[in-house]
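Data first, discussion second: the structure below is written as structure tokens.
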Amino acid sequence: MSIPFLIGQLVLASGLARFFYVFDAILPIPPLGRIAFGGATTSFFTASLLLLLTLVAPGLPLAAHASAPFIVGLALLVALWKRPPPQDPKSPHTLRDPVALASAAAILMVACIIVPRVWFYAGQLTGNSDAMQYLAEAQQLLSHRSFFDASGIGGLADGSLRGDPHGLLWPAYNASALVWSSLGGAGLNDEMVARVAFQLTFISYIAAGAALGSAARVRGLAILIPLLILVVPLLPSASIDGNRDAFRLTALLLLCTSLIAQWHNGMRRSGGAAAALGVALGGWAMQGHALSILLVPLIVAPWTLLSVAFKRPYMRVASITAAVALGFCLGGLQVAMAFYKTGSLTGDNVDAAQVTAGTLYAHGIELREAARVGEGAVLASRLSTSFARDGGWPSIVALVVLFAMIPCYFVWRSSTRNNSGTQSATINWHIGAMFAGWFLGQTLLLLGAFDAGHYNLSSWTVLNARYAMQFYMFAALLVAWGTAIAPVALAFAPASILRRESSGRMALSLAIVVVAIATTTILAKRWPYYSTSGYQAVTKQLNALTASLPPTCHILAEDTGINFLAQRPVLQLYSKYMRDLLVERDKEQLLHKLDQRDICAVVLYSGLYVDMAGPAVPLLELLAPPNFKMHNVDPWRIYVRTTP
């Protein structure tokens, strides 16, 4: 059922692209940028539609949820069919422009790498624990289709799902794909349509980069930004593993696009619409990932300060800042409620360390986390690790651009005075300052400027490399700007304006081709072809081993990825509702508690917290014969009850 899902997404993307193309006053950027912006918002609107329907019409049939994106997209196309397009300036020499030709060549080069890999991984199985957990959350949401019954940050009281601090948008997007699996007869635990949905977020990410480059109105940025943001380390995992990173980074890029667009005079005509867009993007960015509780302020604050410094209308700046802040607050309501109820930003059913505190298993978590961080708590080691991930491209190059900007600016001003100001309009220093401000904020995060108590965000970028992805993305923005303006900035030799323009175009074209070659080389290396069927293998074995057990049998799992494909109910060992199992130190009492919950099988992940806690912990002692029989499915171990 992937084809109907794709058709619905294509129609919705077309409708949104048409909407933003026609209403240029909402987003006064070049037409291709508006089209890219609209297409990039498709996943957000798909998820929002599903959540809206679960809120206003709980229990709505699956067919209604499945058809909603198609209906909305078609309605937008029909409503705007006869509306005249805006009068955008057109260049009659585009086909002869070397920059346009180089851009086309770059697109073809990168497409040769991306298209076959997206096609391949659309047909692979999901092999990532986090992705499987989000699919399980989507499955649970579709089982009742009621907004207030979603698992959310609190998890489920039966212990089958732990809390998710990131918000409902991503599980809702997953659900929009799973609904088609169910309608096709495969059931809610078939992931193949969701695999297609994962690939679309990767495409949206590229479109968002193009929209931001277009909004900046710097020649070449509309192609350089998409090329450079593709070299962000671990980005291919959005396609391979189905994680939420492309989704969350798209939200950040579109928020940046909207803010940059506010600097154009055309925005004065649509203050209310621009504010509404700011609310939506602020909410999406916050729902993209819990880390956005810091990332969104690191985007908005520099923009606000620079807007004031550049003498933009103060009331306009204040209204847009307030709009994004409102969306940010709405998107973070679950975090605020969790903090109010538990005193923790992640609630009391998310962090395994919090759930196991005071038990024999807490030491295992401490040991594993310390091993993963290593020397990441040391600044020099953390920087070395961060730069090693991308080999200095674009991170170290961005630092070079950052430190070179100020002296280059003063040299440029001096040159401008000597040349009667003929070159001053050819470099947009405001965009460079904005990109530098955003990159500087991410650099400060990496340096530990925002660490507070338990929240050692700088060390977390080593603990989980995905938490550092936005650092490389904003580094890519600054490098893209530096690459785009370098041909102009280096044109100091006395020459006619026409000759400078021609040489600048040729130099920029060459730079685009060089960047495209570098991007394709890096992508080909970081995005290999391989099977991702790990969870399919373990759950297939688990389902076979438990098929003959009593119908009331439950499974206890240490890995959150087991739930989605398992045919029997799976309870999460590190759910707060399972804490009594972790607290219990007497082996016989622990066995009695397992019996009370009808737990007939246990799945452990080799080398994870239970193993790190040591062989003497009660659970490992209990799982030894004769009570349980072990079946190894590396790296998992399945223990099946053998005694009544």
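Labels used: A, B, ... for chains in the order of the structure tokens, numbers from 1 for residues in each chain, and numbers from 1 for ligands as shown.
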Residues within 10 Å of A:Ala68, only C-alpha atoms, excluding chain neighbours under 2 positions, as a ChimeraX atom specification: /A:8,12,46,49-50,53,63-66,70-74,176
Pull N, CA, C and O atoms from the residues just selected and write them as a PDB file, in the first residue's frame.
ATOM      1  N   GLY A   8      -1.031  10.291  -1.862  1.00  0.00           N
ATOM      2  CA  GLY A   8      -1.551  11.263  -0.904  1.00  0.00           C
ATOM      3  C   GLY A   8      -0.516  12.295  -0.509  1.00  0.00           C
ATOM      4  O   GLY A   8      -0.806  13.493  -0.425  1.00  0.00           O
ATOM      5  N   LEU A  12      -0.679  16.315  -1.371  1.00  0.00           N
ATOM      6  CA  LEU A  12      -0.575  17.295  -0.292  1.00  0.00           C
ATOM      7  C   LEU A  12       0.621  18.208  -0.509  1.00  0.00           C
ATOM      8  O   LEU A  12       0.522  19.430  -0.320  1.00  0.00           O
ATOM      9  N   THR A  46       1.031  16.467   7.479  1.00  0.00           N
ATOM     10  CA  THR A  46       0.491  15.106   7.544  1.00  0.00           C
ATOM     11  C   THR A  46       0.293  14.679   8.991  1.00  0.00           C
ATOM     12  O   THR A  46      -0.777  14.173   9.368  1.00  0.00           O
ATOM     13  N   LEU A  49      -2.475  16.821  10.712  1.00  0.00           N
ATOM     14  CA  LEU A  49      -3.827  16.416  10.324  1.00  0.00           C
ATOM     15  C   LEU A  49      -4.288  15.215  11.129  1.00  0.00           C
ATOM     16  O   LEU A  49      -5.425  15.168  11.614  1.00  0.00           O
ATOM     17  N   LEU A  50      -3.407  14.241  11.274  1.00  0.00           N
ATOM     18  CA  LEU A  50      -3.789  13.041  12.027  1.00  0.00           C
ATOM     19  C   LEU A  50      -4.073  13.380  13.485  1.00  0.00           C
ATOM     20  O   LEU A  50      -5.078  12.932  14.054  1.00  0.00           O
ATOM     21  N   LEU A  53      -7.418  15.256  13.844  1.00  0.00           N
ATOM     22  CA  LEU A  53      -8.581  14.375  13.739  1.00  0.00           C
ATOM     23  C   LEU A  53      -8.757  13.533  14.997  1.00  0.00           C
ATOM     24  O   LEU A  53      -9.888  13.263  15.412  1.00  0.00           O
ATOM     25  N   ALA A  63      -9.785   4.731   7.463  1.00  0.00           N
ATOM     26  CA  ALA A  63      -9.870   5.241   6.093  1.00  0.00           C
ATOM     27  C   ALA A  63      -9.915   6.759   6.062  1.00  0.00           C
ATOM     28  O   ALA A  63      -9.364   7.390   5.143  1.00  0.00           O
ATOM     29  N   ALA A  64     -10.546   7.353   7.062  1.00  0.00           N
ATOM     30  CA  ALA A  64     -10.613   8.819   7.110  1.00  0.00           C
ATOM     31  C   ALA A  64      -9.234   9.410   7.363  1.00  0.00           C
ATOM     32  O   ALA A  64      -8.855  10.415   6.750  1.00  0.00           O
ATOM     33  N   HIS A  65      -8.474   8.803   8.243  1.00  0.00           N
ATOM     34  CA  HIS A  65      -7.115   9.279   8.503  1.00  0.00           C
ATOM     35  C   HIS A  65      -6.227   9.076   7.276  1.00  0.00           C
ATOM     36  O   HIS A  65      -5.392   9.928   6.955  1.00  0.00           O
ATOM     37  N   ALA A  66      -6.412   7.968   6.588  1.00  0.00           N
ATOM     38  CA  ALA A  66      -5.588   7.679   5.424  1.00  0.00           C
ATOM     39  C   ALA A  66      -5.836   8.665   4.293  1.00  0.00           C
ATOM     40  O   ALA A  66      -4.910   9.078   3.588  1.00  0.00           O
ATOM     41  N   PHE A  70      -4.635  13.481   1.188  1.00  0.00           N
ATOM     42  CA  PHE A  70      -5.056  13.616  -0.208  1.00  0.00           C
ATOM     43  C   PHE A  70      -6.170  14.645  -0.342  1.00  0.00           C
ATOM     44  O   PHE A  70      -6.142  15.505  -1.239  1.00  0.00           O
ATOM     45  N   ILE A  71      -7.142  14.585   0.552  1.00  0.00           N
ATOM     46  CA  ILE A  71      -8.292  15.500   0.478  1.00  0.00           C
ATOM     47  C   ILE A  71      -7.852  16.943   0.691  1.00  0.00           C
ATOM     48  O   ILE A  71      -8.256  17.848  -0.052  1.00  0.00           O
ATOM     49  N   VAL A  72      -7.023  17.181   1.689  1.00  0.00           N
ATOM     50  CA  VAL A  72      -6.555  18.539   1.966  1.00  0.00           C
ATOM     51  C   VAL A  72      -5.709  19.062   0.814  1.00  0.00           C
ATOM     52  O   VAL A  72      -5.856  20.211   0.371  1.00  0.00           O
ATOM     53  N   GLY A  73      -4.810  18.234   0.309  1.00  0.00           N
ATOM     54  CA  GLY A  73      -3.976  18.652  -0.814  1.00  0.00           C
ATOM     55  C   GLY A  73      -4.791  18.972  -2.041  1.00  0.00           C
ATOM     56  O   GLY A  73      -4.557  19.982  -2.726  1.00  0.00           O
ATOM     57  N   LEU A  74      -5.775  18.123  -2.336  1.00  0.00           N
ATOM     58  CA  LEU A  74      -6.634  18.361  -3.497  1.00  0.00           C
ATOM     59  C   LEU A  74      -7.459  19.631  -3.319  1.00  0.00           C
ATOM     60  O   LEU A  74      -7.645  20.406  -4.275  1.00  0.00           O
ATOM     61  N   SER A 176       0.590   7.900  10.172  1.00  0.00           N
ATOM     62  CA  SER A 176      -0.040   8.197   8.880  1.00  0.00           C
ATOM     63  C   SER A 176       0.370   7.193   7.813  1.00  0.00           C
ATOM     64  O   SER A 176      -0.352   6.988   6.831  1.00  0.00           O
TER      65      SER A 176
END
Residues within 7 Å of stretch 428-441 of chain A, only C-alpha atoms, excluding chain neighbours under 3 positions, as a VMD selection string: chain A and resid 216 218 298 to 299 302 to 303 402 444 to 445 471 474 to 475 477 to 478 481
DSSP strand (DSSP E or B) residues within stretch 394-597 of chain A, listed as a VMD selection string: chain A and resid 452 455 554 to 557 570 to 572
Could you write out the selected residues, including all heavy atoms, as a PDB file, in the first residue's frame?
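Output file out_20.pdb follows:
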ATOM      1  N   ALA A 452      24.047  22.385  32.607  1.00  0.00           N
ATOM      2  CA  ALA A 452      23.450  22.788  33.882  1.00  0.00           C
ATOM      3  C   ALA A 452      23.062  21.552  34.671  1.00  0.00           C
ATOM      4  O   ALA A 452      22.158  20.809  34.266  1.00  0.00           O
ATOM      5  CB  ALA A 452      22.227  23.676  33.649  1.00  0.00           C
ATOM      6  N   TYR A 455      21.996  18.051  33.286  1.00  0.00           N
ATOM      7  CA  TYR A 455      21.888  18.190  31.831  1.00  0.00           C
ATOM      8  C   TYR A 455      23.232  18.622  31.243  1.00  0.00           C
ATOM      9  O   TYR A 455      23.450  19.788  30.915  1.00  0.00           O
ATOM     10  CB  TYR A 455      20.779  19.191  31.487  1.00  0.00           C
ATOM     11  CG  TYR A 455      19.438  18.783  32.039  1.00  0.00           C
ATOM     12  CD1 TYR A 455      18.952  19.336  33.225  1.00  0.00           C
ATOM     13  CD2 TYR A 455      18.674  17.815  31.393  1.00  0.00           C
ATOM     14  CE1 TYR A 455      17.724  18.940  33.739  1.00  0.00           C
ATOM     15  CE2 TYR A 455      17.450  17.419  31.907  1.00  0.00           C
ATOM     16  CZ  TYR A 455      16.982  17.982  33.074  1.00  0.00           C
ATOM     17  OH  TYR A 455      15.772  17.586  33.585  1.00  0.00           O
ATOM     18  N   HIS A 554       3.043 -12.807  28.780  1.00  0.00           N
ATOM     19  CA  HIS A 554       3.659 -11.524  28.467  1.00  0.00           C
ATOM     20  C   HIS A 554       5.170 -11.693  28.322  1.00  0.00           C
ATOM     21  O   HIS A 554       5.747 -12.668  28.813  1.00  0.00           O
ATOM     22  CB  HIS A 554       3.378 -10.487  29.564  1.00  0.00           C
ATOM     23  CG  HIS A 554       1.953 -10.037  29.607  1.00  0.00           C
ATOM     24  ND1 HIS A 554       0.928 -10.842  30.031  1.00  0.00           N
ATOM     25  CD2 HIS A 554       1.376  -8.852  29.280  1.00  0.00           C
ATOM     26  CE1 HIS A 554      -0.231 -10.185  29.974  1.00  0.00           C
ATOM     27  NE2 HIS A 554       0.025  -8.976  29.516  1.00  0.00           N
ATOM     28  N   ILE A 555       5.781 -10.724  27.658  1.00  0.00           N
ATOM     29  CA  ILE A 555       7.236 -10.732  27.459  1.00  0.00           C
ATOM     30  C   ILE A 555       7.821  -9.515  28.162  1.00  0.00           C
ATOM     31  O   ILE A 555       7.271  -8.410  28.063  1.00  0.00           O
ATOM     32  CB  ILE A 555       7.583 -10.699  25.959  1.00  0.00           C
ATOM     33  CG1 ILE A 555       7.014 -11.938  25.263  1.00  0.00           C
ATOM     34  CG2 ILE A 555       9.085 -10.598  25.742  1.00  0.00           C
ATOM     35  CD1 ILE A 555       6.996 -11.829  23.758  1.00  0.00           C
ATOM     36  N   LEU A 556       8.915  -9.692  28.848  1.00  0.00           N
ATOM     37  CA  LEU A 556       9.632  -8.594  29.492  1.00  0.00           C
ATOM     38  C   LEU A 556      10.886  -8.317  28.666  1.00  0.00           C
ATOM     39  O   LEU A 556      11.677  -9.226  28.400  1.00  0.00           O
ATOM     40  CB  LEU A 556      10.011  -8.969  30.924  1.00  0.00           C
ATOM     41  CG  LEU A 556      10.743  -7.891  31.735  1.00  0.00           C
ATOM     42  CD1 LEU A 556       9.823  -6.705  32.012  1.00  0.00           C
ATOM     43  CD2 LEU A 556      11.263  -8.479  33.056  1.00  0.00           C
ATOM     44  N   ALA A 557      11.071  -7.070  28.239  1.00  0.00           N
ATOM     45  CA  ALA A 557      12.186  -6.746  27.348  1.00  0.00           C
ATOM     46  C   ALA A 557      12.999  -5.577  27.877  1.00  0.00           C
ATOM     47  O   ALA A 557      12.459  -4.616  28.429  1.00  0.00           O
ATOM     48  CB  ALA A 557      11.675  -6.422  25.949  1.00  0.00           C
ATOM     49  N   VAL A 570       4.421  -6.878  25.159  1.00  0.00           N
ATOM     50  CA  VAL A 570       5.787  -6.722  25.655  1.00  0.00           C
ATOM     51  C   VAL A 570       5.795  -5.635  26.724  1.00  0.00           C
ATOM     52  O   VAL A 570       5.278  -4.531  26.507  1.00  0.00           O
ATOM     53  CB  VAL A 570       6.759  -6.350  24.522  1.00  0.00           C
ATOM     54  CG1 VAL A 570       8.167  -6.131  25.072  1.00  0.00           C
ATOM     55  CG2 VAL A 570       6.770  -7.432  23.451  1.00  0.00           C
ATOM     56  N   LEU A 571       6.387  -5.943  27.872  1.00  0.00           N
ATOM     57  CA  LEU A 571       6.528  -4.984  28.964  1.00  0.00           C
ATOM     58  C   LEU A 571       7.968  -4.499  28.993  1.00  0.00           C
ATOM     59  O   LEU A 571       8.902  -5.285  28.809  1.00  0.00           O
ATOM     60  CB  LEU A 571       6.156  -5.632  30.299  1.00  0.00           C
ATOM     61  CG  LEU A 571       4.789  -6.330  30.354  1.00  0.00           C
ATOM     62  CD1 LEU A 571       4.565  -6.936  31.728  1.00  0.00           C
ATOM     63  CD2 LEU A 571       3.668  -5.370  29.990  1.00  0.00           C
ATOM     64  N   GLN A 572       8.141  -3.209  29.249  1.00  0.00           N
ATOM     65  CA  GLN A 572       9.474  -2.612  29.245  1.00  0.00           C
ATOM     66  C   GLN A 572      10.101  -2.691  30.633  1.00  0.00           C
ATOM     67  O   GLN A 572       9.534  -2.194  31.610  1.00  0.00           O
ATOM     68  CB  GLN A 572       9.398  -1.162  28.786  1.00  0.00           C
ATOM     69  CG  GLN A 572       9.135  -1.005  27.300  1.00  0.00           C
ATOM     70  CD  GLN A 572      10.220  -1.659  26.467  1.00  0.00           C
ATOM     71  OE1 GLN A 572      11.412  -1.514  26.742  1.00  0.00           O
ATOM     72  NE2 GLN A 572       9.803  -2.392  25.441  1.00  0.00           N
TER      73      GLN A 572
END
Atom-to-atom span, atom CA of A:Pro86 and atom CA of A:Asp24, Å: 6.9 Å
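Atom pair atom CA of A:Leu367 / atom CA of A:Gly614: separated by 10.7 Å.
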Selection: 7 Å around stretch 153-160 of chain A, only C-alpha atoms, excl. self and same-chain fewer than 3 positions, as an NGL selection string: :A and (163-165 or 334 or 347 or 349 or 570-572 or 575 or 577-578)
